[in-house]
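final-v1.txt follows; it contains compact mmCIF, C-alpha atoms.
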# COMPACT_ATOMS: atom_id res chain seq x y z
CA MET A 1 -14.14 -32.14 -3.74
CA SER A 2 -15.00 -33.98 -0.53
CA PRO A 3 -12.88 -33.55 2.60
CA VAL A 4 -11.58 -37.10 2.18
CA GLU A 5 -10.40 -36.43 -1.39
CA ASP A 6 -8.91 -33.07 -0.35
CA LEU A 7 -6.95 -34.65 2.51
CA ARG A 8 -5.43 -37.36 0.35
CA LYS A 9 -2.84 -34.84 -0.81
CA ASP A 10 -1.69 -34.59 2.83
CA HIS A 11 -1.66 -38.37 3.30
CA ALA A 12 2.10 -38.92 3.15
CA GLU A 13 2.83 -36.05 5.52
CA LEU A 14 0.12 -37.12 7.97
CA THR A 15 1.39 -40.70 7.86
CA ALA A 16 4.89 -39.52 8.76
CA LEU A 17 3.44 -37.48 11.61
CA ARG A 18 1.44 -40.45 12.91
CA ARG A 19 4.46 -42.71 12.84
CA ASP A 20 6.55 -40.16 14.69
CA LEU A 21 3.90 -40.03 17.43
CA HIS A 22 3.83 -43.83 17.52
CA ALA A 23 7.60 -43.98 18.02
CA HIS A 24 7.41 -41.52 20.93
CA PRO A 25 4.47 -42.67 23.09
CA GLU A 26 3.64 -40.81 26.29
CA LEU A 27 1.41 -41.90 29.16
CA GLY A 28 -1.52 -40.00 30.65
CA PHE A 29 -0.80 -36.39 31.70
CA GLU A 30 2.80 -36.82 30.48
CA GLU A 31 2.05 -36.02 26.81
CA HIS A 32 4.44 -33.04 26.73
CA ARG A 33 6.17 -33.87 23.46
CA THR A 34 2.87 -34.82 21.87
CA ALA A 35 1.35 -31.54 23.01
CA GLU A 36 4.29 -29.62 21.55
CA ILE A 37 3.78 -31.33 18.20
CA VAL A 38 0.05 -30.62 18.27
CA THR A 39 0.56 -26.92 19.04
CA ARG A 40 3.25 -26.72 16.34
CA GLU A 41 0.93 -28.23 13.76
CA LEU A 42 -1.98 -26.00 14.79
CA ALA A 43 0.22 -22.91 14.57
CA ALA A 44 1.49 -23.95 11.14
CA ALA A 45 -2.12 -24.24 9.96
CA GLY A 46 -2.96 -20.81 11.35
CA ILE A 47 -5.23 -22.22 14.04
CA GLU A 48 -5.69 -20.43 17.36
CA HIS A 49 -4.85 -22.80 20.20
CA HIS A 50 -4.96 -22.96 23.99
CA SER A 51 -2.79 -25.27 26.10
CA GLY A 52 -2.85 -26.63 29.65
CA ILE A 53 -6.53 -27.55 29.79
CA GLY A 54 -6.74 -30.72 31.87
CA LYS A 55 -2.97 -30.58 32.48
CA THR A 56 -1.62 -31.44 29.01
CA GLY A 57 -4.83 -30.95 27.01
CA ILE A 58 -5.06 -28.57 24.06
CA VAL A 59 -7.97 -26.90 22.28
CA GLY A 60 -7.73 -25.41 18.79
CA VAL A 61 -10.30 -22.84 17.64
CA ILE A 62 -11.28 -22.42 13.98
CA ARG A 63 -13.75 -19.74 12.92
CA GLY A 64 -15.71 -20.35 9.78
CA GLU A 65 -16.12 -18.23 6.69
CA ARG A 66 -18.96 -16.73 8.68
CA ASP A 67 -19.52 -16.74 12.42
CA GLN A 68 -23.11 -15.56 12.48
CA SER A 69 -24.89 -18.72 13.59
CA GLY A 70 -23.60 -18.44 17.14
CA ARG A 71 -23.10 -22.21 17.08
CA ALA A 72 -20.02 -24.34 17.73
CA VAL A 73 -19.05 -27.99 17.33
CA GLY A 74 -16.41 -29.89 19.30
CA LEU A 75 -14.26 -32.63 17.75
CA ARG A 76 -12.22 -34.69 20.20
CA ALA A 77 -9.16 -36.95 19.93
CA ASP A 78 -7.22 -38.67 22.71
CA MET A 79 -3.41 -38.44 22.80
CA ASP A 80 -2.01 -40.84 25.41
CA ALA A 81 -0.37 -44.26 25.09
CA LEU A 82 -0.51 -47.42 27.19
CA PRO A 83 1.94 -48.80 29.78
CA MET A 84 2.75 -51.92 27.75
CA HIS A 85 5.77 -53.19 25.83
CA GLU A 86 5.58 -53.17 22.04
CA GLU A 87 6.62 -56.30 20.12
CA ASN A 88 6.58 -54.94 16.57
CA ASP A 89 9.73 -54.71 14.43
CA PHE A 90 8.92 -51.93 11.95
CA ALA A 91 10.91 -48.68 11.77
CA HIS A 92 8.45 -46.62 13.82
CA VAL A 93 8.28 -49.03 16.76
CA SER A 94 8.16 -47.41 20.21
CA ARG A 95 11.56 -46.17 21.35
CA PHE A 96 10.62 -46.65 25.00
CA LYS A 97 10.29 -49.89 26.91
CA GLY A 98 6.96 -50.24 28.65
CA ARG A 99 5.20 -47.56 26.61
CA MET A 100 3.22 -48.15 23.44
CA HIS A 101 0.48 -46.62 21.33
CA GLY A 102 -1.50 -49.84 21.57
CA CYS A 103 -4.93 -48.26 21.10
CA GLY A 104 -4.39 -45.96 18.13
CA HIS A 105 -4.45 -42.61 19.90
CA ASP A 106 -1.51 -41.60 17.68
CA GLY A 107 -3.86 -42.08 14.73
CA HIS A 108 -6.71 -40.23 16.43
CA THR A 109 -4.47 -37.22 17.13
CA THR A 110 -3.22 -37.25 13.55
CA MET A 111 -6.73 -37.44 12.07
CA LEU A 112 -7.92 -34.49 14.15
CA LEU A 113 -4.89 -32.49 13.06
CA GLY A 114 -5.75 -33.41 9.47
CA ALA A 115 -9.34 -32.29 9.96
CA GLY A 116 -8.03 -29.04 11.42
CA ARG A 117 -5.82 -28.45 8.40
CA TYR A 118 -8.72 -28.92 6.03
CA LEU A 119 -11.18 -26.79 8.01
CA SER A 120 -8.64 -24.01 8.43
CA ARG A 121 -7.85 -23.75 4.73
CA THR A 122 -11.44 -24.08 3.51
CA ARG A 123 -13.54 -22.56 6.35
CA ARG A 124 -16.77 -23.57 4.58
CA PHE A 125 -18.94 -23.33 7.67
CA ASP A 126 -20.79 -20.79 9.78
CA GLY A 127 -19.69 -20.83 13.41
CA ARG A 128 -16.74 -22.22 15.34
CA VAL A 129 -15.06 -25.59 15.49
CA TYR A 130 -13.19 -26.62 18.62
CA LEU A 131 -10.45 -29.22 18.14
CA ILE A 132 -10.12 -30.95 21.51
CA PHE A 133 -6.89 -32.89 22.06
CA GLN A 134 -7.48 -34.80 25.27
CA PRO A 135 -4.84 -36.32 27.56
CA GLY A 136 -5.07 -39.31 29.87
CA GLU A 137 -7.87 -41.40 28.38
CA GLU A 138 -6.31 -44.69 29.43
CA GLY A 139 -7.43 -44.76 33.05
CA PHE A 140 -6.56 -41.18 34.02
CA ALA A 141 -9.96 -39.60 33.28
CA GLY A 142 -8.44 -36.84 31.19
CA GLY A 143 -11.86 -36.06 29.73
CA LYS A 144 -13.17 -35.41 33.22
CA ALA A 145 -10.14 -33.23 33.99
CA MET A 146 -10.79 -31.07 30.93
CA VAL A 147 -14.47 -30.70 31.80
CA GLU A 148 -13.67 -29.78 35.41
CA GLU A 149 -11.16 -27.17 34.24
CA GLY A 150 -13.85 -25.32 32.29
CA LEU A 151 -13.66 -26.90 28.83
CA PHE A 152 -17.23 -26.09 27.88
CA GLU A 153 -17.33 -22.76 29.68
CA ARG A 154 -14.30 -21.56 27.73
CA PHE A 155 -15.23 -23.35 24.50
CA PRO A 156 -19.03 -23.67 24.54
CA ALA A 157 -19.65 -26.38 21.96
CA ASP A 158 -23.31 -27.09 21.23
CA GLU A 159 -22.54 -30.69 20.31
CA ILE A 160 -19.46 -32.90 20.36
CA TYR A 161 -18.12 -35.86 18.37
CA ALA A 162 -15.31 -38.40 18.68
CA LEU A 163 -13.93 -41.12 16.41
CA HIS A 164 -12.06 -44.24 17.54
CA ASN A 165 -10.44 -46.83 15.32
CA TRP A 166 -11.96 -50.33 15.35
CA PRO A 167 -10.01 -53.31 13.95
CA ALA A 168 -13.19 -55.42 13.88
CA LEU A 169 -14.64 -53.31 11.05
CA PRO A 170 -13.27 -53.35 7.49
CA PRO A 171 -11.03 -50.38 6.60
CA GLY A 172 -13.03 -47.27 5.79
CA GLN A 173 -16.33 -48.31 7.32
CA ILE A 174 -17.90 -46.26 10.11
CA GLY A 175 -20.09 -47.77 12.81
CA LEU A 176 -22.19 -46.26 15.58
CA ARG A 177 -25.60 -46.37 17.20
CA PRO A 178 -27.90 -44.17 19.29
CA GLY A 179 -27.74 -44.93 23.00
CA PRO A 180 -25.04 -47.03 24.69
CA MET A 181 -21.77 -47.37 22.79
CA MET A 182 -19.47 -48.34 25.65
CA ALA A 183 -19.99 -49.49 29.21
CA ALA A 184 -19.34 -47.83 32.53
CA ALA A 185 -16.09 -49.05 34.11
CA ASP A 186 -15.98 -49.60 37.86
CA ARG A 187 -13.03 -50.90 39.90
CA ILE A 188 -13.61 -53.20 42.85
CA GLU A 189 -11.17 -54.13 45.57
CA ILE A 190 -12.04 -56.62 48.31
CA HIS A 191 -9.89 -56.90 51.45
CA ILE A 192 -10.41 -60.02 53.55
CA GLU A 193 -9.06 -60.26 57.11
CA GLY A 194 -8.79 -63.69 58.69
CA ARG A 195 -6.42 -65.29 61.21
CA GLY A 196 -3.20 -66.81 59.98
CA GLY A 197 -1.53 -69.93 61.25
CA HIS A 198 -0.06 -73.31 60.42
CA GLY A 199 -1.46 -75.15 57.43
CA ALA A 200 -1.29 -78.41 59.37
CA HIS A 201 -3.63 -76.95 62.03
CA PRO A 202 -6.31 -75.20 59.95
CA HIS A 203 -8.87 -75.42 62.75
CA MET A 204 -6.86 -72.80 64.60
CA THR A 205 -7.05 -70.34 61.69
CA VAL A 206 -9.62 -68.31 59.81
CA ASP A 207 -8.50 -68.95 56.25
CA PRO A 208 -8.85 -65.84 54.03
CA VAL A 209 -8.02 -67.89 50.90
CA LEU A 210 -11.07 -70.07 51.50
CA VAL A 211 -13.20 -66.97 52.03
CA ALA A 212 -11.83 -65.44 48.82
CA GLY A 213 -12.75 -68.57 46.87
CA HIS A 214 -16.35 -68.42 48.05
CA ILE A 215 -16.58 -64.69 47.27
CA ILE A 216 -15.21 -65.25 43.76
CA THR A 217 -17.76 -67.98 43.10
CA ALA A 218 -20.67 -66.07 44.60
CA ALA A 219 -19.82 -62.90 42.66
CA GLN A 220 -20.60 -64.76 39.44
CA SER A 221 -24.19 -65.20 40.60
CA ILE A 222 -24.83 -61.45 40.67
CA VAL A 223 -25.34 -60.96 36.93
CA ALA A 224 -26.98 -64.37 36.44
CA ARG A 225 -29.54 -63.89 39.22
CA ASN A 226 -29.84 -60.12 39.76
CA VAL A 227 -29.64 -58.53 36.31
CA SER A 228 -32.43 -58.86 33.76
CA PRO A 229 -31.58 -61.17 30.85
CA LEU A 230 -32.53 -58.25 28.58
CA ASP A 231 -29.87 -56.07 30.23
CA THR A 232 -26.10 -56.54 30.04
CA ALA A 233 -23.44 -56.51 32.74
CA VAL A 234 -20.08 -58.04 33.59
CA VAL A 235 -18.50 -58.80 36.97
CA SER A 236 -14.90 -60.01 36.68
CA ILE A 237 -12.48 -60.78 39.51
CA CYS A 238 -9.16 -60.37 37.72
CA ALA A 239 -6.49 -60.59 40.39
CA MET A 240 -5.93 -62.23 43.78
CA HIS A 241 -3.10 -61.83 46.23
CA SER A 242 -2.64 -63.79 49.43
CA GLY A 243 0.17 -65.54 51.20
CA ASN A 244 3.64 -66.46 49.97
CA LEU A 245 4.32 -69.02 47.24
CA ALA A 246 7.45 -70.12 49.10
CA ALA A 247 5.51 -70.85 52.31
CA MET A 248 3.53 -73.98 51.58
CA SER A 249 2.36 -74.52 55.16
CA VAL A 250 1.43 -70.97 56.18
CA VAL A 251 -2.20 -69.92 56.17
CA PRO A 252 -2.04 -66.16 55.51
CA ARG A 253 -3.78 -63.53 57.57
CA GLU A 254 -5.34 -61.60 54.68
CA ALA A 255 -6.30 -61.74 51.02
CA ARG A 256 -7.06 -59.11 48.41
CA LEU A 257 -9.16 -59.37 45.28
CA VAL A 258 -9.28 -56.83 42.46
CA GLY A 259 -11.69 -56.73 39.55
CA THR A 260 -14.04 -54.73 37.41
CA VAL A 261 -17.76 -54.23 36.86
CA ARG A 262 -19.17 -53.12 33.50
CA THR A 263 -22.71 -51.85 32.98
CA PHE A 264 -24.73 -49.62 30.67
CA ARG A 265 -27.51 -48.51 33.04
CA SER A 266 -27.02 -46.64 36.32
CA ALA A 267 -29.78 -48.67 38.00
CA THR A 268 -27.95 -51.88 37.12
CA GLN A 269 -24.70 -50.37 38.37
CA ASP A 270 -26.35 -49.51 41.71
CA ARG A 271 -27.86 -52.99 42.03
CA ILE A 272 -24.55 -54.76 41.40
CA GLU A 273 -22.69 -52.60 43.89
CA GLN A 274 -25.28 -53.32 46.59
CA ARG A 275 -25.38 -57.07 45.95
CA LEU A 276 -21.59 -57.33 45.84
CA ASN A 277 -21.36 -55.45 49.13
CA ASP A 278 -23.94 -57.77 50.70
CA LEU A 279 -22.16 -60.92 49.51
CA VAL A 280 -18.69 -59.81 50.59
CA HIS A 281 -19.76 -59.01 54.14
CA SER A 282 -22.08 -61.98 54.64
CA ILE A 283 -19.69 -64.61 53.24
CA ALA A 284 -16.78 -63.31 55.29
CA SER A 285 -18.95 -63.27 58.41
CA ALA A 286 -20.12 -66.84 57.82
CA PHE A 287 -16.51 -68.04 57.96
CA GLY A 288 -15.56 -65.90 60.95
CA ALA A 289 -13.60 -63.38 58.89
CA THR A 290 -14.19 -59.73 58.07
CA ALA A 291 -14.12 -58.14 54.63
CA THR A 292 -14.46 -54.69 53.11
CA LEU A 293 -15.42 -53.69 49.58
CA LYS A 294 -14.01 -50.61 47.90
CA TYR A 295 -16.19 -49.82 44.89
CA GLU A 296 -14.84 -47.05 42.63
CA ARG A 297 -16.86 -45.68 39.71
CA VAL A 298 -14.11 -44.85 37.22
CA TYR A 299 -15.81 -44.00 33.89
CA PRO A 300 -19.54 -43.63 33.21
CA ALA A 301 -21.17 -45.32 30.24
CA THR A 302 -20.62 -43.71 26.84
CA ILE A 303 -24.14 -42.87 25.66
CA ASN A 304 -24.75 -41.34 22.23
CA SER A 305 -27.64 -38.88 22.10
CA GLU A 306 -30.20 -40.00 19.54
CA ARG A 307 -30.34 -36.92 17.30
CA GLU A 308 -26.56 -36.53 17.11
CA ALA A 309 -26.01 -40.24 16.46
CA GLU A 310 -28.48 -40.20 13.57
CA PHE A 311 -26.89 -37.00 12.27
CA ALA A 312 -23.39 -38.50 12.46
CA ALA A 313 -24.54 -41.63 10.63
CA GLY A 314 -26.15 -39.50 7.92
CA VAL A 315 -22.93 -37.53 7.43
CA ALA A 316 -20.99 -40.79 7.11
CA GLU A 317 -23.44 -42.13 4.52
CA ALA A 318 -23.24 -38.93 2.46
CA LEU A 319 -19.44 -39.04 2.56
CA LEU A 320 -18.72 -42.76 2.20
CA GLY A 321 -21.95 -44.32 0.92
CA PRO A 322 -24.61 -46.25 2.89
CA GLU A 323 -22.78 -49.52 2.23
CA ASN A 324 -19.89 -48.29 4.39
CA VAL A 325 -21.95 -47.26 7.43
CA VAL A 326 -23.13 -49.58 10.20
CA ARG A 327 -25.95 -47.81 12.04
CA ASN A 328 -26.53 -50.48 14.68
CA LEU A 329 -22.99 -51.31 15.74
CA GLU A 330 -22.91 -53.66 18.71
CA PRO A 331 -21.94 -51.84 21.93
CA SER A 332 -18.65 -52.70 23.62
CA MET A 333 -18.17 -53.60 27.29
CA GLY A 334 -14.96 -51.57 27.18
CA SER A 335 -15.08 -48.01 28.48
CA GLU A 336 -14.13 -44.54 27.28
CA ASP A 337 -13.81 -41.23 29.12
CA PHE A 338 -15.37 -39.30 26.25
CA SER A 339 -18.39 -40.27 28.37
CA PHE A 340 -17.65 -37.34 30.70
CA MET A 341 -18.00 -34.93 27.77
CA LEU A 342 -21.21 -36.60 26.59
CA GLN A 343 -22.65 -36.02 30.06
CA GLN A 344 -22.20 -32.30 29.44
CA ARG A 345 -23.12 -31.97 25.77
CA PRO A 346 -25.15 -33.98 23.24
CA GLY A 347 -23.01 -35.83 20.78
CA ALA A 348 -21.88 -39.12 19.32
CA TYR A 349 -18.95 -41.50 19.51
CA ALA A 350 -18.27 -43.46 16.33
CA ARG A 351 -15.86 -46.18 15.28
CA LEU A 352 -13.69 -46.11 12.17
CA GLY A 353 -12.90 -49.50 10.66
CA GLN A 354 -9.24 -50.25 10.08
CA GLY A 355 -9.22 -54.05 9.84
CA GLY A 356 -6.65 -56.30 11.46
CA ALA A 357 -8.81 -58.08 14.04
CA GLU A 358 -9.10 -61.13 11.83
CA GLY A 359 -5.32 -61.57 12.16
CA GLY A 360 -5.46 -61.37 15.95
CA CYS A 361 -4.24 -57.78 16.13
CA PHE A 362 -6.81 -55.98 18.24
CA LEU A 363 -6.66 -52.94 20.52
CA HIS A 364 -4.23 -53.23 23.48
CA ASN A 365 -2.32 -55.99 21.66
CA SER A 366 1.50 -55.79 21.82
CA ARG A 367 1.64 -56.08 18.01
CA TYR A 368 -1.08 -53.55 17.26
CA ASP A 369 -0.49 -50.66 14.87
CA PHE A 370 -2.81 -48.01 13.49
CA ASN A 371 -3.71 -48.45 9.82
CA ASP A 372 -2.41 -45.33 8.07
CA GLU A 373 -4.56 -45.99 5.01
CA VAL A 374 -7.65 -44.75 6.86
CA ILE A 375 -6.17 -41.40 7.96
CA PRO A 376 -7.79 -39.34 5.14
CA ILE A 377 -11.12 -41.09 5.73
CA GLY A 378 -11.19 -40.42 9.45
CA ALA A 379 -9.90 -36.87 9.11
CA GLY A 380 -12.33 -36.16 6.29
CA TYR A 381 -15.23 -37.55 8.30
CA LEU A 382 -14.45 -35.33 11.28
CA ALA A 383 -14.25 -32.31 8.99
CA ALA A 384 -17.50 -33.28 7.27
CA LEU A 385 -19.27 -33.48 10.65
CA ALA A 386 -18.27 -29.89 11.36
CA GLU A 387 -19.32 -28.63 7.92
CA ALA A 388 -22.68 -30.39 8.09
CA ALA A 389 -23.40 -29.22 11.62
CA LEU A 390 -22.50 -25.62 10.78
CA PRO A 391 -23.83 -25.10 7.23
CA LEU A 392 -23.10 -21.81 5.50
CA GLY A 393 -26.57 -21.54 4.00
CA ASN A 394 -27.47 -18.53 1.87
CA LEU A 395 -26.36 -14.95 2.36

Entire entry expressed as structure tokens:
Amino acid sequence: MSPVEDLRKDHAELTALRRDLHAHPELGFEEHRTAEIVTRELAAAGIEHHSGIGKTGIVGVIRGERDQSGRAVGLRADMDALPMHEENDFAHVSRFKGRMHGCGHDGHTTMLLGAGRYLSRTRRFDGRVYLIFQPGEEGFAGGKAMVEEGLFERFPADEIYALHNWPALPPGQIGLRPGPMMAAADRIEIHIEGRGGHGAHPHMTVDPVLVAGHIITAAQSIVARNVSPLDTAVVSICAMHSGNLAAMSVVPREARLVGTVRTFRSATQDRIEQRLNDLVHSIASAFGATATLKYERVYPATINSEREAEFAAGVAEALLGPENVVRNLEPSMGSEDFSFMLQQRPGAYARLGQGGAEGGCFLHNSRYDFNDEVIPIGAGYLAALAEAALPLGNL
């Protein structure tokens, strides 16, 4: 019996667990109730567990039928929700205004718990499996926090894998690729200082709004004229604040712009930061203003190592059939802090199809919900990765 078939008998219970997590979303590093549920479930399955790694992170440890290989595999799931209001009307809707599991981390946590149940009761592997329940993925760099607090020193996985739901794939399909899966995410903030005054006497001012407009326009030239057409990058100015909407005749003294840069290659990332810095300072100077750029590298690119990506795809094909595996899934310009773990260990990040995108319900949508029908598939796949990476072999 495959792990997927075995886990179908737990489907109803796992669905109830997932829906309970969905109804009680918690933001990054505040996942105290979620962590309590995870530790309760691990204890009930007889799984050794360690709490407080990266603040609210948890690691479960399962030893195989044999532990002679000296090898270990890490399986990771994120636990946190998003600061957004849910607009669904089903029974398990979020009970808290402004908090929602809008990215499916409730499903990811549930699938890893399901994989843990299966691996604990079967133990058909040689080595150790580390179940890594990570906090704060949504902008808090919880993966980095776990790494910095000794994740791989305490739990020395040889390779590591993660699975994220993907509404753009049909339910039950798995997609991945070697190399870039998700982009690096950088935050940019531009502060422009001019000289305020009366809108009827603009010659006596240095207008920061005008400067901001030129910077916004010029920033769009960076990718078009500084990044190879064979490469990929995004520069987006997403917010602007200046002046007072009630003061129609007041030229403000300052303006602020906030945005993001997305890249796959560090050389491209360096080039964009330098060009943006050059443009900000030179444009402001040309208009008699001053400007500063704060460029923050938030998450690195999520890069699958080639061997582990091919291995993960092979496991998916053996479990689900080649027709249900996409080996060349298009990378996303979104970001993911599993990247910090992949910087430390070889591994692969895969996507589990759950459908829904065709109806307009994508990740971070106020009407999003995880598709419970794929829980046994995702949990079984995670378990199969561990079994295949740590084969029992012959005595």

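Comparing the minimum interatomic distances between A:Glu137 and each of A:Pro178, A:Gly74, A:Gly28, A:Pro229, counting all atoms listed in the file, we find that A:Gly28 sits nearest.
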
Selected residue, from A:Ala239, A:Met111, A:Ala23, A:Ala316, that lies nearest to A:Phe90 when counting only C-alpha atoms: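 Distance minimum relative to A:Phe90 lands on A:Ala23.
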
Which residue, A:Val211, A:Val227, A:Leu119, A:Val261, has the smallest gap to A:Ala286 when you use only C-alpha atoms?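 Selected residue with least distance to A:Ala286: A:Val211.
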
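Counting from atom CA of A:Asp20, the distance to atom CA of A:Ser2 is 27.1 Å.
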
Residue neighbourhood A:Lys97, 12 Å, all atoms listed in the file, exclusion window fewer than 4 positions, as a list in words: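 Once the adjacent positions are removed, what remains is Ala23, His24, Pro25, Glu26, Leu82, Pro83, Met84, His85, Glu86, Glu87, Val93, His101 and Ser366 of chain A.
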
Let me make sure I understand: among A:Val129, A:Met341, A:Val325, A:Leu363, which one has the smallest atom-to-atom distance to A:Leu151 if we use only C-alpha atoms? A:Met341

Straight-line distance linking atom CA of A:Ile283 with atom CA of A:Cys238, stated in Å to one decimal: 19.2 Å

Please work out which residues fall within 7 Å of (-12.3, -37.2, 27.4), coordinates as given in the file, with only C-alpha atoms counting, and return them as a CSV table (one decimal) with C-alpha atoms, in the frame of the given file.
chain,number,residue,atom,x,y,z
A,134,GLN,CA,-7.5,-34.8,25.3
A,137,GLU,CA,-7.9,-41.4,28.4
A,141,ALA,CA,-10.0,-39.6,33.3
A,142,GLY,CA,-8.4,-36.8,31.2
A,143,GLY,CA,-11.9,-36.1,29.7
A,144,LYS,CA,-13.2,-35.4,33.2
A,337,ASP,CA,-13.8,-41.2,29.1
A,338,PHE,CA,-15.4,-39.3,26.2
A,339,SER,CA,-18.4,-40.3,28.4
A,340,PHE,CA,-17.6,-37.3,30.7
A,341,MET,CA,-18.0,-34.9,27.8
